[in-house]
Amino acid sequence: MGIINVQHLSFRYKNASQNALTDINFSVDEGKLTAVLGPTNAGKSTLCLSLNGVVPHMISGTMKGELSVCGVRTSEVNAETVAQLTRHIGAVFQNPESQLFGLSVEEDIAFGPENLRVPPAEITGVIDEMLKLVGLSEFRRRSPYLLSGGQKQRVAIASAMAMHPEVIVLDEPVSELDPVGKNEVLQIVQRLNAEGKVTIVIADHDPEQTLSLAQQILILDKGRLLAKGDPYDVFQDIDRLRKTGLKIPAASEITNWMVEAGLSSHIEISEESAINSLQDLIQKGFLSLTTVKSKRNTQAEPQGRQPVIEIQRVSFHYPEGQNVLCDISLDIYENDYIGLVGSNGSGKTTLAKHFNHILEATEGKVLLNGKNMHGMRISDAARQVGYVYQNPDHQIFARTVFDEVAFGPRNLGYSGVELNHIVEEALAFVGLTGQEAVEPFFLGLGQRQRLAVASVLAMRPEILVVDEPDTGQDKAGAEEMMRLIDRLHAAGKTIIIISHNMELIAEHVHRVIAMSGGRIKMDADTRSFFSDSNVLQQISLRPPQVTRICSALHSPETILTLSEARSSLQVERSNLEAPCP
Amino acid sequence: MPLVTRFYIDRSSPIHQMDARVKLIWVLVIFLAVMTFNHPLYHLAIFLSILAAAAAAKLPMRILFSRVKAIIPLGILIAAMWAIFGKEGVILWKWWVFQITDISLQYGISVGFRVISLVLALFVVLQSTEQAELLYGLIGLKMPYNFAFIITAIFRFAPTISGEADTIREAQRTRAMDFETGSSIERIRKSTSFLVPLIIRVLKTTLELSIALSSKAYGAYPTRTFHRQRPLDQSEKILVVALAGCELLFIIMRFAWGLGAVVPDSI
């Protein structure tokens, strides 16, 4: 018997037509870290919420089967006593903003123990201990609102741990964080697990981050448990996992090619072991890295193209605030495909908001198609520069898909047949034709993202800024969105993507502008950008795993994608067939 | 700037270190004192005593008055309203049905001071007390915890919701929505593009909060502990007694000895 035991667990949300979970069976041993992996809508969050009794006691539905945590069957508690389960199981959720209640970090950590009636003198000791655990002792009196995303999640972990639970469940704790934040949180999870203080269940849609931490993984697909066991063993059946839409780490993909080529007997799951295995093959002469024949274009030079946005010595600060942008000069050319990168607070979003005049420079000039934007109305800028926000729910409000897309053009004065034509064209481009009468809130996240793009495209801008196009999406959703953006670029639009996702940047954009501390740290073509490890380190970014692996193998050039890696890695058949010395 | 940082100013002062309950009792005594007297000289004395407390708290007067300045026109307006309907005393100015007398002028100034002094005292406490301490103070003065928690949540999430509102407004402006022009009805119609996403975001956040609250054992038991709860120390106890004594003295001065009132029949 494990500390968590789940037998034949099924759950269907009230009024849903399908089960969110179907016949799930697994157990978790004390002190172990279990990763729950799967694409969007696989049932990961439902499983996490079932473990702490929120499902079905707070979110109603029909539950079948048995689930016990630390010997307590969750079916034995009720809506009034479900909160008492927190003595056994703590929880950390995806959104760092909506799980901290205190007016200071200290208050937040004390909140749970106070609710559990822990004596005040003991709580003071617990606060000290937890602040030390998550490395936030100097932030004790700071308001949670003023912390970064990673720091907020660390406080959430400290708050959950302050109740001294035997189990802690983390539901996609890093999916909304920048690379620095992700690293901070995963280091703490790793430390908690290494110290054996607590049994950990962590859900994620990106195995790369959690796979090497886990002693057990559960692969969920459409509410069913597709595979469970040791991560290494589960990943040997990689084709089965790929069919679920789960993102396969580059380390596993590359070592799988070696298995297919008969060079290796097993697939690796960690970057380090993949590099060791590949280096071994190279040393034995079975494998070599050559120049890539068909590289993706990462041309950044304008080559006769006209500048569409000219940023001339721009600085910006909020009233009574410090400079967020410092003396930025930059030209963006027509049909550029740019990735704007940097950690939170680097100034990249502030800079992007100058492109469509949402913000006006406090010093310097911004020219749009040669015209100074000073005094320009946002609606006039909107005809030329579209801005797709990170979360589509920040803009969707209309009763139908048609009205949502028609909103912008109507504001610009379009009506009648012309308006209908514009809306139809935009919906066709994003693949939402036929959904005109549907209520937008009934669409899935991916469709809402595309609707947001359509509603901006309908204003026929030549320049498009897309803020974090893959937020909250699994591999399939992110790929669909990026295919759409690639088509827009191919159709002649100028594209600027703001992203923390280095794989996305490496695979799609042609030019990277990296920001740090309100300044441009580097402006280069994508391949040159990922070649400069010093700059990447300075701005706390890491190249994609495939780039890191190929770089460790001393690839003759910077590899950006898996297809480039496949082209570069050459199996030396002649050596393979030669007799062993 | 987030709302959470608007009030509190971190200083090392005896007022900052004082228990929030004592400071809240001080505000109560100020309230009772301004209501007890209606003589401008007495109000001037109360006003100066509040400034002295602000100085003891090392609060920058410029910031303190920048917060209070919004209420000064209201104080002047109230003072004027009371002053121009004077009946008793020597007439100083008269026009149509309006007249200012020496007594109504003094009474008006006193009433104006009531508003300004009370708000000033509140800001001295707000700027010298962390919000968490303030709430602990209110709970210590027997405010029900659930009510105090709602106030905490409002302070905590106001900047979050305000940030969401800004983003939504921006997102609609980039779709050429002009919120600033048009008739009142048109502006109300336009506001749906702002309010619908905001309401949905707030509802979603509320659901996430309720789940997160349950996972923090909120409501697990009928009672809870408070880690910052501590008894008042000796000097704080003496201060509370002194404040109570002051108020008692004020009441005796006003109602037994007839001091501090230009209109004895009115509060």
# chains A, B, ... in the order shown; residues from 1 in each chain; ligands from 1

call {"tool": "residues_around", "arguments": {"residues": "Ala45 in chain B", "least_positions_apart": "6", "cutoff": "12 Å", "atoms": "only C-alpha atoms", "output": "ChimeraX atom specification"}}
result
/B:30,33-34,37-39,51-52,110,113-114,117,260

call {"tool": "write_last_selection", "arguments": {"atoms": "N, CA and C atoms", "output": "compact mmCIF listing (two decimals), in the first residue's frame"}}
result
# COMPACT_ATOMS: atom_id res chain seq x y z
N ILE B 30 -9.91 60.65 18.81
CA ILE B 30 -9.91 61.86 17.95
C ILE B 30 -11.34 62.10 17.44
N ALA B 33 -13.39 63.38 20.23
CA ALA B 33 -12.98 64.74 20.60
C ALA B 33 -13.51 65.77 19.62
N VAL B 34 -13.39 65.47 18.29
CA VAL B 34 -13.87 66.46 17.32
C VAL B 34 -15.38 66.60 17.37
N PHE B 37 -16.26 68.93 20.84
CA PHE B 37 -16.09 70.39 20.83
C PHE B 37 -16.62 70.98 19.53
N ASN B 38 -17.05 72.26 19.62
CA ASN B 38 -17.36 72.97 18.38
C ASN B 38 -16.78 74.39 18.38
N HIS B 39 -15.64 74.50 19.03
CA HIS B 39 -14.94 75.79 19.07
C HIS B 39 -13.69 75.67 18.18
N LEU B 51 -0.93 66.57 13.92
CA LEU B 51 0.32 66.85 13.21
C LEU B 51 1.53 66.43 14.04
N ALA B 52 1.40 66.62 15.35
CA ALA B 52 2.50 66.20 16.24
C ALA B 52 2.68 64.69 16.18
N SER B 110 -15.29 74.97 12.74
CA SER B 110 -15.17 73.78 13.61
C SER B 110 -15.64 72.53 12.88
N PHE B 113 -13.17 71.50 10.28
CA PHE B 113 -12.02 70.86 10.95
C PHE B 113 -12.34 69.41 11.32
N ARG B 114 -13.61 69.15 11.72
CA ARG B 114 -13.97 67.78 12.11
C ARG B 114 -13.62 66.80 10.99
N SER B 117 -9.66 66.82 10.26
CA SER B 117 -8.87 66.19 11.34
C SER B 117 -9.06 64.69 11.37
N GLY B 260 -15.21 74.95 25.25
CA GLY B 260 -14.96 74.40 23.91
C GLY B 260 -16.16 74.38 23.01

call {"tool": "interface_residues", "arguments": {"of": "chain A", "to": "chain B", "cutoff": "7 Å", "atoms": "only C-alpha atoms", "output": "JSON, numbers by chain"}}
result
{"A": [54, 81, 83, 84, 86, 90, 91, 98, 99, 101, 102, 103, 112, 114, 115, 116, 117, 118, 119, 120, 121, 123, 124, 378, 379, 382, 387, 389, 393, 394, 395, 396, 397, 408, 411, 412, 456]}

call {"tool": "residues_around", "arguments": {"residues": "Gly262 in chain A", "least_positions_apart": "5", "cutoff": "12 Å", "atoms": "only C-alpha atoms", "output": "list in words"}}
result
Thr255, Asn256, Trp257, Ile267, Leu281, Phe286, Leu287, Val571, Glu572, Arg573, Leu576 and Glu577 of chain A

call {"tool": "write_last_selection", "arguments": {"atoms": "N, CA and C atoms", "output": "compact mmCIF listing (two decimals), in the first residue's frame"}}
result
# COMPACT_ATOMS: atom_id res chain seq x y z
N THR A 255 17.93 10.13 -29.10
CA THR A 255 18.40 8.78 -28.75
C THR A 255 17.49 7.71 -29.36
N ASN A 256 16.24 8.07 -29.62
CA ASN A 256 15.34 7.13 -30.32
C ASN A 256 15.84 6.89 -31.75
N TRP A 257 16.38 7.95 -32.41
CA TRP A 257 16.94 7.76 -33.76
C TRP A 257 18.09 6.75 -33.71
N ILE A 267 16.28 4.29 -25.16
CA ILE A 267 16.03 5.72 -25.31
C ILE A 267 16.37 6.40 -23.99
N LEU A 281 28.99 7.13 -28.80
CA LEU A 281 28.84 6.67 -30.18
C LEU A 281 29.81 7.41 -31.12
N PHE A 286 30.84 5.61 -34.63
CA PHE A 286 29.57 5.19 -35.23
C PHE A 286 28.71 6.39 -35.62
N LEU A 287 29.06 7.55 -35.13
CA LEU A 287 28.21 8.72 -35.32
C LEU A 287 29.08 9.95 -35.54
N VAL A 571 25.00 8.69 -39.27
CA VAL A 571 25.41 7.36 -38.80
C VAL A 571 26.49 6.85 -39.77
N GLU A 572 27.60 6.46 -39.19
CA GLU A 572 28.72 5.98 -40.02
C GLU A 572 28.54 4.48 -40.25
N ARG A 573 27.79 4.17 -41.30
CA ARG A 573 27.46 2.75 -41.59
C ARG A 573 28.72 1.90 -41.78
N LEU A 576 30.11 0.94 -38.62
CA LEU A 576 29.15 0.09 -37.92
C LEU A 576 29.28 -1.36 -38.39
N GLU A 577 29.51 -1.48 -39.70
CA GLU A 577 29.57 -2.82 -40.26
C GLU A 577 30.95 -3.45 -40.11

call {"tool": "residues_around", "arguments": {"residues": "Glu180 in chain B", "least_positions_apart": "5", "cutoff": "12 Å", "atoms": "only C-alpha atoms", "output": "PyMOL selection string"}}
result
(chain A and resi 377) or (chain B and resi 169+173+186-188+190-191)

call {"tool": "write_last_selection", "arguments": {"atoms": "C-alpha atoms", "output": "tab-separated table (two decimals), in the first residue's frame"}}
result
chain	number	residue	atom	x	y	z
A	377	ARG	CA	-4.69	58.06	-32.23
B	169	ARG	CA	-9.06	48.21	-21.66
B	173	ARG	CA	-8.30	50.06	-27.48
B	186	GLU	CA	-23.00	55.25	-26.23
B	187	ARG	CA	-20.30	55.12	-23.56
B	188	ILE	CA	-22.39	52.67	-21.52
B	190	LYS	CA	-19.07	50.69	-25.29
B	191	SER	CA	-18.29	49.70	-21.71

call {"tool": "select_by_dssp", "arguments": {"residues": "range 28-227 of chain A", "states": "alpha helix (DSSP H)", "output": "PyMOL selection string"}}
result
chain A and resi 44-51+54-57+105-115+120-133+149-161+179-194+207-210

call {"tool": "closest_residue", "arguments": {"among": "B:Leu138, B:Ile252, B:Val124, B:Met143", "to": "Lys58 in chain B", "atoms": "only C-alpha atoms"}}
result
B:Val124

call {"tool": "residues_around", "arguments": {"residues": "range 32-48 of chain A", "least_positions_apart": "5", "cutoff": "8 Å", "atoms": "only C-alpha atoms", "output": "PyMOL selection string"}}
result
chain A and resi 20-21+55+169-171+193+196+198-207+210-211+213-224+244-247+473-475

call {"tool": "write_last_selection", "arguments": {"atoms": "N, CA, C and O atoms", "output": "compact mmCIF listing (two decimals), in the first residue's frame"}}
result
# COMPACT_ATOMS: atom_id res chain seq x y z
N ALA A 20 -14.12 12.92 -17.27
CA ALA A 20 -12.83 13.60 -17.23
C ALA A 20 -11.74 12.60 -16.86
O ALA A 20 -10.59 12.73 -17.28
N LEU A 21 -12.11 11.60 -16.05
CA LEU A 21 -11.20 10.51 -15.69
C LEU A 21 -11.95 9.20 -15.84
O LEU A 21 -13.12 9.11 -15.47
N VAL A 55 -12.37 17.86 -5.84
CA VAL A 55 -13.27 17.06 -6.66
C VAL A 55 -13.57 15.80 -5.86
O VAL A 55 -12.64 15.10 -5.45
N VAL A 169 0.71 18.30 -3.79
CA VAL A 169 0.32 18.16 -5.19
C VAL A 169 0.52 19.49 -5.88
O VAL A 169 0.02 20.52 -5.42
N LEU A 170 1.26 19.48 -6.98
CA LEU A 170 1.51 20.72 -7.72
C LEU A 170 0.92 20.58 -9.13
O LEU A 170 1.35 19.72 -9.91
N ASP A 171 -0.09 21.37 -9.42
CA ASP A 171 -0.78 21.27 -10.71
C ASP A 171 -0.20 22.31 -11.69
O ASP A 171 -0.48 23.49 -11.57
N ASN A 193 12.17 16.89 -2.65
CA ASN A 193 12.17 15.46 -2.93
C ASN A 193 13.47 14.81 -2.44
O ASN A 193 13.45 13.73 -1.83
N GLY A 196 13.58 14.15 1.02
CA GLY A 196 12.61 13.13 1.41
C GLY A 196 11.58 13.61 2.41
O GLY A 196 11.01 12.82 3.16
N VAL A 198 8.72 15.03 1.87
CA VAL A 198 7.32 14.99 1.48
C VAL A 198 7.17 14.20 0.19
O VAL A 198 8.10 14.14 -0.63
N THR A 199 6.02 13.56 0.05
CA THR A 199 5.70 12.86 -1.19
C THR A 199 5.15 13.89 -2.17
O THR A 199 4.31 14.72 -1.80
N ILE A 200 5.64 13.86 -3.41
CA ILE A 200 5.27 14.93 -4.36
C ILE A 200 4.56 14.34 -5.57
O ILE A 200 5.00 13.33 -6.13
N VAL A 201 3.46 14.99 -5.95
CA VAL A 201 2.80 14.69 -7.23
C VAL A 201 2.80 15.99 -8.02
O VAL A 201 2.31 17.01 -7.55
N ILE A 202 3.41 15.97 -9.22
CA ILE A 202 3.50 17.20 -10.00
C ILE A 202 2.95 16.94 -11.41
O ILE A 202 3.34 15.98 -12.07
N ALA A 203 1.99 17.77 -11.81
CA ALA A 203 1.39 17.62 -13.14
C ALA A 203 2.03 18.63 -14.09
O ALA A 203 2.31 19.76 -13.69
N ASP A 204 2.25 18.22 -15.33
CA ASP A 204 2.85 19.13 -16.31
C ASP A 204 2.54 18.63 -17.71
O ASP A 204 2.30 17.44 -17.91
N HIS A 205 2.51 19.56 -18.68
CA HIS A 205 2.32 19.08 -20.05
C HIS A 205 3.65 19.02 -20.80
O HIS A 205 3.70 18.56 -21.92
N ASP A 206 4.72 19.51 -20.15
CA ASP A 206 6.03 19.47 -20.79
C ASP A 206 6.96 18.56 -19.99
O ASP A 206 7.46 18.93 -18.95
N PRO A 207 7.19 17.33 -20.50
CA PRO A 207 7.99 16.36 -19.71
C PRO A 207 9.42 16.81 -19.50
O PRO A 207 10.05 16.38 -18.54
N THR A 210 10.15 17.99 -15.91
CA THR A 210 9.89 17.19 -14.72
C THR A 210 10.38 15.75 -14.81
O THR A 210 10.51 15.08 -13.79
N LEU A 211 10.66 15.34 -16.05
CA LEU A 211 10.98 13.92 -16.25
C LEU A 211 12.19 13.46 -15.44
O LEU A 211 12.17 12.39 -14.84
N LEU A 213 13.22 14.59 -12.73
CA LEU A 213 13.02 14.67 -11.28
C LEU A 213 12.25 13.46 -10.74
O LEU A 213 12.34 13.13 -9.57
N ALA A 214 11.44 12.86 -11.63
CA ALA A 214 10.43 11.89 -11.16
C ALA A 214 10.98 10.48 -10.98
O ALA A 214 11.84 10.04 -11.73
N GLN A 215 10.45 9.82 -9.94
CA GLN A 215 10.75 8.39 -9.77
C GLN A 215 9.66 7.54 -10.42
O GLN A 215 9.83 6.37 -10.67
N GLN A 216 8.49 8.17 -10.63
CA GLN A 216 7.39 7.47 -11.28
C GLN A 216 6.67 8.48 -12.19
O GLN A 216 6.56 9.65 -11.83
N ILE A 217 6.21 8.03 -13.34
CA ILE A 217 5.38 8.93 -14.15
C ILE A 217 4.06 8.26 -14.50
O ILE A 217 3.97 7.02 -14.60
N LEU A 218 3.05 9.10 -14.63
CA LEU A 218 1.73 8.63 -15.08
C LEU A 218 1.45 9.40 -16.37
O LEU A 218 1.56 10.62 -16.39
N ILE A 219 1.13 8.70 -17.44
CA ILE A 219 0.79 9.37 -18.69
C ILE A 219 -0.72 9.31 -18.86
O ILE A 219 -1.30 8.21 -18.95
N LEU A 220 -1.35 10.45 -18.88
CA LEU A 220 -2.80 10.50 -19.06
C LEU A 220 -3.10 10.93 -20.49
O LEU A 220 -2.42 11.77 -21.07
N ASP A 221 -4.15 10.31 -21.02
CA ASP A 221 -4.61 10.70 -22.36
C ASP A 221 -6.12 10.58 -22.39
O ASP A 221 -6.67 9.51 -22.14
N LYS A 222 -6.78 11.66 -22.67
CA LYS A 222 -8.25 11.72 -22.72
C LYS A 222 -8.89 11.08 -21.49
O LYS A 222 -9.85 10.31 -21.58
N GLY A 223 -8.31 11.36 -20.34
CA GLY A 223 -8.89 10.89 -19.07
C GLY A 223 -8.52 9.48 -18.70
O GLY A 223 -8.94 8.98 -17.65
N ARG A 224 -7.76 8.82 -19.52
CA ARG A 224 -7.36 7.44 -19.20
C ARG A 224 -5.86 7.37 -18.89
O ARG A 224 -5.10 8.17 -19.44
N THR A 244 -0.23 10.44 -28.24
CA THR A 244 -1.12 11.19 -27.33
C THR A 244 -1.01 12.70 -27.57
O THR A 244 -1.82 13.47 -27.09
N GLY A 245 0.03 13.11 -28.28
CA GLY A 245 0.26 14.56 -28.46
C GLY A 245 1.20 15.09 -27.40
O GLY A 245 1.46 16.29 -27.33
N LEU A 246 1.72 14.19 -26.55
CA LEU A 246 2.67 14.62 -25.52
C LEU A 246 3.97 15.09 -26.17
O LEU A 246 4.45 14.48 -27.12
N LYS A 247 4.51 16.18 -25.64
CA LYS A 247 5.76 16.68 -26.18
C LYS A 247 6.89 15.72 -25.77
O LYS A 247 7.05 15.41 -24.59
N GLN A 473 -0.94 26.32 -23.66
CA GLN A 473 -1.28 25.34 -24.69
C GLN A 473 -0.30 24.17 -24.65
O GLN A 473 0.87 24.34 -24.33
N ASP A 474 -0.81 23.00 -25.02
CA ASP A 474 0.09 21.86 -25.14
C ASP A 474 0.78 21.91 -26.50
O ASP A 474 0.62 22.87 -27.25
N LYS A 475 1.53 20.85 -26.80
CA LYS A 475 2.34 20.85 -28.03
C LYS A 475 1.47 21.05 -29.27
O LYS A 475 1.77 21.89 -30.12

call {"tool": "residues_around", "arguments": {"residues": "Gln17 in chain B", "least_positions_apart": "3", "cutoff": "12 Å", "atoms": "only C-alpha atoms", "output": "list in words"}}
result
Asp10, Arg11, Ser12, Ser13, Pro14, Ala20, Arg21, Val22, Lys23, Ala56, Ala57, Val125, Ser128, Thr129, Glu130, Glu133, Leu232, Asp233, Ser235 and Glu236 of chain B
